[in-house]
Amino acid sequence: MNNQLPYQLLASLEGVKGYNENTFKAVHEATDRVTSIRINPAKVATIDLLEYETTPVPWCDNGFYLMERPVFTLNPFIHAGGFYVQEASSMFIWNILNSLQLPDNLKVLDLCAAPGGKSTLLSTYFKNGVVVCNEVIQSRAAILVENTVKWGNDNTVVTNNDPKQFANCKELFDVIILDAPCSGSGMFRKDNAAIEEWSTDNVYHCSQRQERILNDILPALKSGGILVYSTCSYSKEEDEDIIDYIIENNELTSIKIHCKDDWNIVETNADKTNGFGYRFFPDKVKGEGFFVAVFKKGTEELSSSDYLVAGNKKADVSKAEVAVLNSFISIPEGYEFIKNRESILALPSKHITFLQFIINNLYIKRIGIELGIIKGKDFIPSHHLALSKLSDSYKKRIEVDEETALNFQRKADIKVNGEKGWNLICYKNLPLGWIKVLPNRINNYYPSEWRIIKL
Ligand code: SAM
């Protein structure tokens with residue numbers, strides 16, 4: 001590593017449970033890196049399909065370590081949401097949800113969500129619920145849209161709001177994940193720039209901001225609901241001291257999380273309240289630096305929310321438009337159609353009341369599955385439809401080899417034999433996107449902004 005670890009950080013960690021200066025420094029000086037991915041079980045049934053040499057991440061069902069770091073860009077699956085490259089420690093969120101036996105149909109807010117590592121994990125876990133993935137910084141919300149579209153599930157919404165703007169969402173969410181902006185010391189191994197940017201002043205500013213965000217967002221958590229607070233900082237000011245802040249200022253209690261001994265995750269206690277925290281030191285676990293703590297609001301039991309089916313909601317998609325849509329693809333029962341400008345969106349009916357509330361109160365970047373647009377009697381399908389389960393019933397599919405798949409994802413011209421009209425390009429049965437076969441040419445409808453640029 002080119003940069004020295006900040007001595008102020010090392011000094012501040014003296015006496016923190018689990019911290020060992022020698023092994024901590026040694027692991028930062030070592031050159032070997034840990035690479036891990038989480039597969040999307042809705043698209044990749046088994047890890048074998050990816051043909052990587054792997055071992056499981058012990059605390060996450062769909063997480064795997066890779067023996068070597070491949071050039072991910074050259075794997076068509078990554079662009080079609082088959083897997084996500086995620087640092088292993090942060091996959092521990094899966095173990096938290098699992099060990100609390102949270103039902104899969106809850107309403108969840110992932111407040112600081114870009115680029116979407118936790119959001120895609122939550123989308124998989126809460127497959128029958130709704131995950132509102134929020135990112136305050138507009139430019140970062142775009143990558144969150146991309147990653148959630150590629151993941152393909154119908155249960156995510158992307159919003160672009162400041163935490164303050166959740167004031168209208170009182171007691172709305174069963175679970176809030178606050179993966180807070182932090183001073184980033186846990187990323188020092190992966191990111192040299194993080195070392196240069198680190199300062200004790202910044203640790204202080206981050207802790208103040210974390211408290212502000214908590215004040216803004218905790219009213220949106222239901223009574224009986226769960227708060228998961230995490231950082232990638234080693235600093236106590238952003239970790240255990242925030243546990244104290246949460247417990248001392250709110251009706252929240254700390255929850256102990258089950259960890260196996262051989263995971264080497266360090267359970268700590270906050271100084272004033274004894275609340276539980278979980279520290280991931282890279283010299284102890286196979287992953288980067290991470291901290292997480294879990295809380296319950298109030299004493300009520302968390303019960304699955306009521307899922308009202310909107311009986312008489314006025315649809316703003318006309319019968320004629322639905323007929324054009326149906327002539328293109330048959331969408332299964334359980335969806336309501338709404339229009340956003342020209343696009344037709346499919347929203348899960350069982351969550352329609354909740355989604356309508358979100359639409360009315362937050363700034364939406366995307367919601368449900370975008371199906372496509374109607375032009376006269378024609379239907380122009382969207383990329384999101386191709387990457388979602390809703391394209392399962394579409395019959396005109398063309399299976400291609402890896403080279404053609406990558407060329408398609410580069411938005412290059414490809415040569416395939418397909419029936420006239422819209423065809424789904426598939427690689428190992430996984431849909432990658434649309435082409436339109438015309439009498440004398442093939443149009444590639446891969447989104448320009450997401451095309452592979454690297455050769
Ligand atoms: N949860 C993400 C994941 O797993 O991919 C990583 C989130 S990152 C640790 C923290 C996020 O908080 C960043 O995307 C950042 O833009 C956002 N953020 C920065 N300032 C914020 C603020 N004042 N309020 C809320 N979010 C903020």
# chains A, B, ... in the order shown; residues from 1 in each chain; ligands from 1

$ select_by_dssp --residues "stretch 239-313 of chain A" --states "strand (DSSP E or B)" --output "list in words"
Leu252, Thr253, Ser254, Ile255, Val266, Glu267, Thr268, Asn269, Phe276, Gly277, Tyr278, Arg279, Phe280, Phe290, Phe291, Val292, Ala293, Val294, Phe295, Lys296 and Lys297 of chain A

$ select_by_dssp --residues "stretch 93-338 of chain A" --states "alpha helix (DSSP H)" --output "PyMOL selection string"
chain A and resi 93-99+117-125+138-151+192-197+200-217+240-249+319-328

$ residues_around --residues "A:Asn440" --least-positions-apart "4" --cutoff "12 Å" --atoms "only C-alpha atoms" --output "list in words"
Lys415, Asn417, Lys420, Gly421 and Lys436 of chain A

$ atom_distance --atom1 "atom CA of A:Glu321" --atom2 "atom CA of A:Leu432"
25.8 Å

$ residues_near_ligand --ligand "ligand 1" --cutoff "7 Å" --atoms "only C-alpha atoms and all ligand atoms" --output "ChimeraX atom specification"
/A:111-119,135-137,140,162-163,179-182,209,213,231-232

$ write_last_selection --atoms "C-alpha atoms" --output "short mmCIF file (atom, residue, chain, number, x, y, z; two decimals), in the first residue's frame"
data_model
loop_
_atom_site.label_atom_id
_atom_site.label_comp_id
_atom_site.auth_asym_id
_atom_site.auth_seq_id
_atom_site.Cartn_x
_atom_site.Cartn_y
_atom_site.Cartn_z
CA LEU A 111 -32.13 5.37 3.16
CA CYS A 112 -28.58 5.81 1.82
CA ALA A 113 -28.77 3.32 -0.97
CA ALA A 114 -26.46 4.13 -3.92
CA PRO A 115 -24.93 2.27 -5.65
CA GLY A 116 -27.30 -0.44 -4.47
CA GLY A 117 -25.32 -3.20 -2.77
CA LYS A 118 -27.67 -3.41 0.20
CA SER A 119 -30.72 -2.59 -1.94
CA GLU A 135 -30.33 8.28 -2.51
CA VAL A 136 -30.06 11.98 -1.77
CA ILE A 137 -27.37 12.75 -4.35
CA ARG A 140 -25.64 8.72 -7.55
CA ASP A 162 -33.17 14.29 1.54
CA PRO A 163 -33.74 12.39 4.83
CA ASP A 179 -25.94 2.58 5.82
CA ALA A 180 -24.61 5.96 6.81
CA PRO A 181 -22.20 8.22 4.94
CA CYS A 182 -19.03 7.94 7.02
CA ARG A 209 -24.33 14.15 10.21
CA ILE A 213 -29.94 11.76 9.68
CA THR A 231 -20.87 2.27 8.61
CA CYS A 232 -17.59 1.36 6.99
#

$ residues_around --residues "stretch 127-133 of chain A" --least-positions-apart "5" --cutoff "9 Å" --atoms "only C-alpha atoms" --output "ChimeraX atom specification"
/A:103-114,116,119,122,144,148,153-160,351,354-355,358

$ residues_around --residues "A:His383" --least-positions-apart "2" --cutoff "12 Å" --atoms "only C-alpha atoms" --output "ChimeraX atom specification"
/A:79-80,146,149-152,343,369-373,380-381,385-388,390-391,409,422-425,431-435,444-450

$ residues_around --residues "A:Gln101" --least-positions-apart "3" --cutoff "12 Å" --atoms "only C-alpha atoms" --output "count of residues only"
15

$ closest_residue --among "A:Ile242, A:Ile331, A:Val324, A:Val145" --to "A:Lys375" --atoms "only C-alpha atoms"
A:Val324

$ residues_around --residues "A:Glu300" --least-positions-apart "6" --cutoff "9 Å" --atoms "only C-alpha atoms" --output "ChimeraX atom specification"
/A:223-225

$ write_last_selection --atoms "all heavy atoms" --output "mmCIF file, in the first residue's frame"
data_model
loop_
_atom_site.group_PDB
_atom_site.id
_atom_site.type_symbol
_atom_site.label_atom_id
_atom_site.label_comp_id
_atom_site.auth_asym_id
_atom_site.auth_seq_id
_atom_site.Cartn_x
_atom_site.Cartn_y
_atom_site.Cartn_z
ATOM 1 N N SER A 223 -43.697 1.564 15.077
ATOM 2 C CA SER A 223 -43.520 0.993 16.404
ATOM 3 C C SER A 223 -43.404 -0.514 16.225
ATOM 4 O O SER A 223 -44.200 -1.107 15.491
ATOM 5 C CB SER A 223 -44.767 1.326 17.219
ATOM 6 O OG SER A 223 -44.393 1.783 18.444
ATOM 7 N N GLY A 224 -42.416 -1.106 16.855
ATOM 8 C CA GLY A 224 -42.167 -2.539 16.643
ATOM 9 C C GLY A 224 -41.204 -2.787 15.498
ATOM 10 O O GLY A 224 -40.790 -3.914 15.255
ATOM 11 N N GLY A 225 -40.834 -1.714 14.791
ATOM 12 C CA GLY A 225 -39.965 -1.853 13.612
ATOM 13 C C GLY A 225 -38.492 -2.003 13.970
ATOM 14 O O GLY A 225 -38.081 -1.799 15.119
#

$ atom_distance --atom1 "atom CA of A:Leu172" --atom2 "atom CA of A:Ile243"
22.6 Å

$ closest_residue --among "A:Ala42, A:Val71, A:Thr31, A:Val57" --to "A:Ser123" --atoms "only C-alpha atoms"
A:Ala42

$ closest_atom_pairs --of "stretch 43-138 of chain A" --to "stretch 276-293 of chain A" --cutoff "7 Å" --atoms "only C-alpha atoms" --output "CSV"
residue,atom,partner,partner_atom,distance
A:Glu87,CA,A:Gly287,CA,6.4
A:Ala88,CA,A:Gly287,CA,5.1
A:Ser89,CA,A:Gly287,CA,5.0
A:Ser90,CA,A:Phe290,CA,6.8

$ closest_residue --among "A:Asn40, A:Ser207, A:Ser185, A:Thr23" --to "A:Tyr234" --atoms "only C-alpha atoms"
A:Ser185

$ closest_residue --among "A:Arg189, A:Lys365, A:Lys339, A:Lys43" --to "A:Phe24" --atoms "only C-alpha atoms"
A:Arg189
